[in-house]
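To keep things clear, I will list the structure first and then write my remarks on it.
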Amino acid sequence: MAQYPEATGPVASRLLLENEHVKIWEADVGPGEDFPLHRHHYDYILFTTGDMATLEVRDYGRPPSTVPVPPHAAIFIPAGGVESYRNVGRTRFTEVLVEIKRPRRADQERVDFATSNALAGRDPLPGVVHLLENSRMRIIETFLKPGESTGTAPQSEDAAIFVLSGSKIKIVEQGGRTFEDSRADHSAYWQTAGISRDLINVGARPYRELSVQIK
């Protein structure tokens with residue numbers, strides 16, 4: 001078995017939310033900055049939120065590699081990696097990173113790396129868009145202009161929510177519960193399964209969120 005150096009650093013810059021199921025992080029690494037050695041103990045999802053960035057990735061035990069990282073990319077990566085990286089480009093590298101603490105089921109043992117660059121470099125599409133899915137998770141992006149609604153839809157899985165662009169929203173739940181919530185940019189939430197919801201943007205700004213549903 002490979003012997004790794006002690007790698008106790010965090011996996012991203014700032015922890016926003018943690019519960020028994022997930023950790024939701026943000027990474028923000030400027031040009032010329034290094035992100036220290038760390039170990040990925042959990043399967044995780046990353047979603048790039050800034051401009052095109054260029055990283056020198058140092059996977060432990062392998063030669064460094066230069067990796068262009070496009071904006072608006074969704075990636076699932078299995079646990080186990082030990083790495084550090086340096087931003088060798090001219091733009092900041094920013095991402096959302098969601099670690100899945102919930103253990104894999106027997107039918108999820110063979111789940112592997114997966115990525116979606118279908119919307120890389122493009123503006124978000126209106127409405128509710130499925131970005132990536134495998135047996136472990138489902139990634140959904142929602143973009144609503146003021147006055148727009150998702151329509152009532154069931155949520156079959158618990159979900160980690162990251163707000164990319166905040167606004168005041170109204171949530172109408174199955175069974176009659178209705179409430180409003182002013183959600184800030186870069187805020188994080190945990191949303192339980194089993195309730196059908198309609199999300200309505202009642203604010204003055206576009207609302208955009210990333211939902212990582214945990215299977």
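Ordering of the structure tokens sets the chain letters (A, B, ...), residue numbers begin anew at 1 in every chain, and ligands are numbered from 1 in the order given.
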Residues near Tyr85 (chain A), cut-off 12 Å, only C-alpha atoms, skip fewer than 6 positions along chain, as a ChimeraX atom specification: /A:11-12,27,29-38,54-60,63-67,93
Please identify which residues in chain A DSSP calls strand (DSSP E) from the backbone, and express them as number ranges by chain. A: 14-18, 22-29, 34-39, 43-48, 53-59, 65-69, 74-77, 82-87, 93-100, 114-116, 127-133, 137-144, 158-165, 168-173, 178-182, 188-191, 197-201, 207-214
Resulting file, chosen residues, C-alpha atoms, as a tab-separated table (two decimals), in the first residue's frame:
chain	number	residue	atom	x	y	z
A	14	ARG	CA	-14.21	27.71	3.62
A	15	LEU	CA	-16.69	25.30	5.19
A	16	LEU	CA	-20.26	26.61	4.83
A	17	LEU	CA	-22.39	23.76	6.18
A	18	GLU	CA	-21.90	20.35	7.74
A	22	VAL	CA	-22.55	16.20	3.71
A	23	LYS	CA	-20.03	19.02	3.97
A	24	ILE	CA	-20.48	22.03	1.69
A	25	TRP	CA	-17.34	24.04	0.93
A	26	GLU	CA	-16.14	26.93	-1.21
A	27	ALA	CA	-12.65	27.17	-2.72
A	28	ASP	CA	-11.09	30.50	-3.69
A	29	VAL	CA	-7.46	30.45	-4.83
A	34	ASP	CA	-0.97	27.37	-3.61
A	35	PHE	CA	-3.59	25.17	-2.01
A	36	PRO	CA	-1.88	22.83	0.49
A	37	LEU	CA	-1.71	19.07	0.54
A	38	HIS	CA	-4.97	17.41	1.57
A	39	ARG	CA	-6.68	14.04	1.48
A	43	ASP	CA	-16.66	11.05	-2.46
A	44	TYR	CA	-17.20	14.61	-3.59
A	45	ILE	CA	-18.74	16.87	-6.21
A	46	LEU	CA	-17.15	20.05	-7.46
A	47	PHE	CA	-18.77	22.77	-9.54
A	48	THR	CA	-16.65	25.59	-10.94
A	53	ALA	CA	-8.63	28.88	-14.54
A	54	THR	CA	-5.39	26.94	-14.96
A	55	LEU	CA	-4.12	24.70	-12.17
A	56	GLU	CA	-0.92	22.75	-11.64
A	57	VAL	CA	-2.22	19.66	-9.87
A	58	ARG	CA	0.15	17.56	-7.78
A	59	ASP	CA	-1.43	14.16	-7.16
A	65	SER	CA	0.07	18.12	-14.47
A	66	THR	CA	-1.31	21.40	-15.81
A	67	VAL	CA	-5.09	21.31	-15.99
A	68	PRO	CA	-7.35	23.93	-17.60
A	69	VAL	CA	-10.54	24.21	-15.53
A	74	ALA	CA	-19.81	19.65	-12.82
A	75	ILE	CA	-17.57	16.80	-11.66
A	76	PHE	CA	-17.96	13.75	-9.40
A	77	ILE	CA	-14.73	12.35	-7.92
A	82	VAL	CA	-4.15	12.99	-1.90
A	83	GLU	CA	-3.16	16.19	-3.67
A	84	SER	CA	-2.18	19.84	-3.66
A	85	TYR	CA	-2.39	22.41	-6.43
A	86	ARG	CA	-1.21	25.82	-7.55
A	87	ASN	CA	-3.13	28.39	-9.54
A	93	PHE	CA	-10.03	29.66	-9.22
A	94	THR	CA	-13.40	29.36	-7.47
A	95	GLU	CA	-15.59	26.33	-6.94
A	96	VAL	CA	-18.27	24.74	-4.80
A	97	LEU	CA	-17.24	21.39	-3.29
A	98	VAL	CA	-19.76	19.02	-1.70
A	99	GLU	CA	-18.42	16.02	0.22
A	100	ILE	CA	-20.77	13.05	0.65
A	114	ALA	CA	-17.83	11.46	-13.96
A	115	THR	CA	-17.90	14.92	-15.48
A	116	SER	CA	-20.23	17.19	-17.43
A	127	GLY	CA	-35.43	26.84	-15.37
A	128	VAL	CA	-34.31	23.54	-13.87
A	129	VAL	CA	-31.42	21.76	-15.63
A	130	HIS	CA	-29.95	18.31	-14.83
A	131	LEU	CA	-26.17	18.58	-15.14
A	132	LEU	CA	-24.84	15.18	-14.06
A	133	GLU	CA	-26.11	11.94	-12.48
A	137	MET	CA	-25.76	11.62	-6.72
A	138	ARG	CA	-27.66	13.95	-9.03
A	139	ILE	CA	-26.60	17.55	-9.77
A	140	ILE	CA	-29.30	20.08	-10.70
A	141	GLU	CA	-28.94	23.78	-11.48
A	142	THR	CA	-31.91	26.14	-11.13
A	143	PHE	CA	-31.99	29.63	-12.64
A	144	LEU	CA	-35.06	31.85	-12.17
A	158	ASP	CA	-32.11	14.67	0.30
A	159	ALA	CA	-30.15	17.57	-1.20
A	160	ALA	CA	-27.27	19.90	-0.43
A	161	ILE	CA	-28.12	23.39	-1.74
A	162	PHE	CA	-25.60	26.12	-2.63
A	163	VAL	CA	-26.91	29.55	-3.64
A	164	LEU	CA	-24.87	30.93	-6.53
A	165	SER	CA	-26.94	34.10	-6.91
A	168	LYS	CA	-36.01	36.56	-2.16
A	169	ILE	CA	-37.87	33.36	-2.92
A	170	LYS	CA	-41.26	31.91	-2.02
A	171	ILE	CA	-41.44	28.19	-1.32
A	172	VAL	CA	-44.82	26.46	-1.67
A	173	GLU	CA	-44.76	22.96	-0.22
A	178	THR	CA	-45.87	28.46	2.20
A	179	PHE	CA	-43.04	30.73	3.32
A	180	GLU	CA	-40.57	33.29	1.97
A	181	ASP	CA	-36.80	33.25	2.39
A	182	SER	CA	-34.22	35.90	1.48
A	188	ALA	CA	-25.79	26.82	1.88
A	189	TYR	CA	-28.79	24.74	2.97
A	190	TRP	CA	-29.87	21.15	3.59
A	191	GLN	CA	-33.21	20.15	2.07
A	197	ARG	CA	-42.07	22.06	-3.71
A	198	ASP	CA	-42.60	25.03	-6.01
A	199	LEU	CA	-39.85	27.64	-5.92
A	200	ILE	CA	-40.85	31.17	-6.99
A	201	ASN	CA	-38.45	34.10	-7.34
A	207	TYR	CA	-32.00	33.48	-8.40
A	208	ARG	CA	-29.57	30.65	-9.11
A	209	GLU	CA	-28.85	27.58	-7.02
A	210	LEU	CA	-26.97	24.31	-7.28
A	211	SER	CA	-28.65	21.23	-5.81
A	212	VAL	CA	-26.66	18.05	-5.14
A	213	GLN	CA	-29.12	15.26	-4.41
A	214	ILE	CA	-27.63	12.40	-2.41
One residue among A:Ala73, A:Ala204, A:Ala79, A:Ile195 is nearest to Glu109 (chain A) when using only C-alpha atoms, and that residue is A:Ala79
Between A:Pro78, A:Ser167, A:Ala106, A:Thr8, which has the minimum distance to Pro146 (chain A) (counting only C-alpha atoms)?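 Among the listed residues, the smallest separation from Pro146 (chain A) belongs to A:Ser167.
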Would you mind reading off the distance between CA of Asp123 (chain A) and CA of Met52 (chain A), one decimal, in Å? 13.3 Å
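Between CA of Pro71 (chain A) and CA of Pro206 (chain A) lies a distance of 18.9 Å.
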Return the single residue from A:Thr91, A:Asn134, A:Thr49, A:Gln174 that is closest to His186 (chain A), with distances computed using only C-alpha atoms. A:Thr49
Can you measure CA of Pro154 (chain A) to CA of Arg177 (chain A) for me? One decimal in Å is fine.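 Atom-to-atom, CA of Pro154 (chain A) to CA of Arg177 (chain A), that is 14.7 Å.
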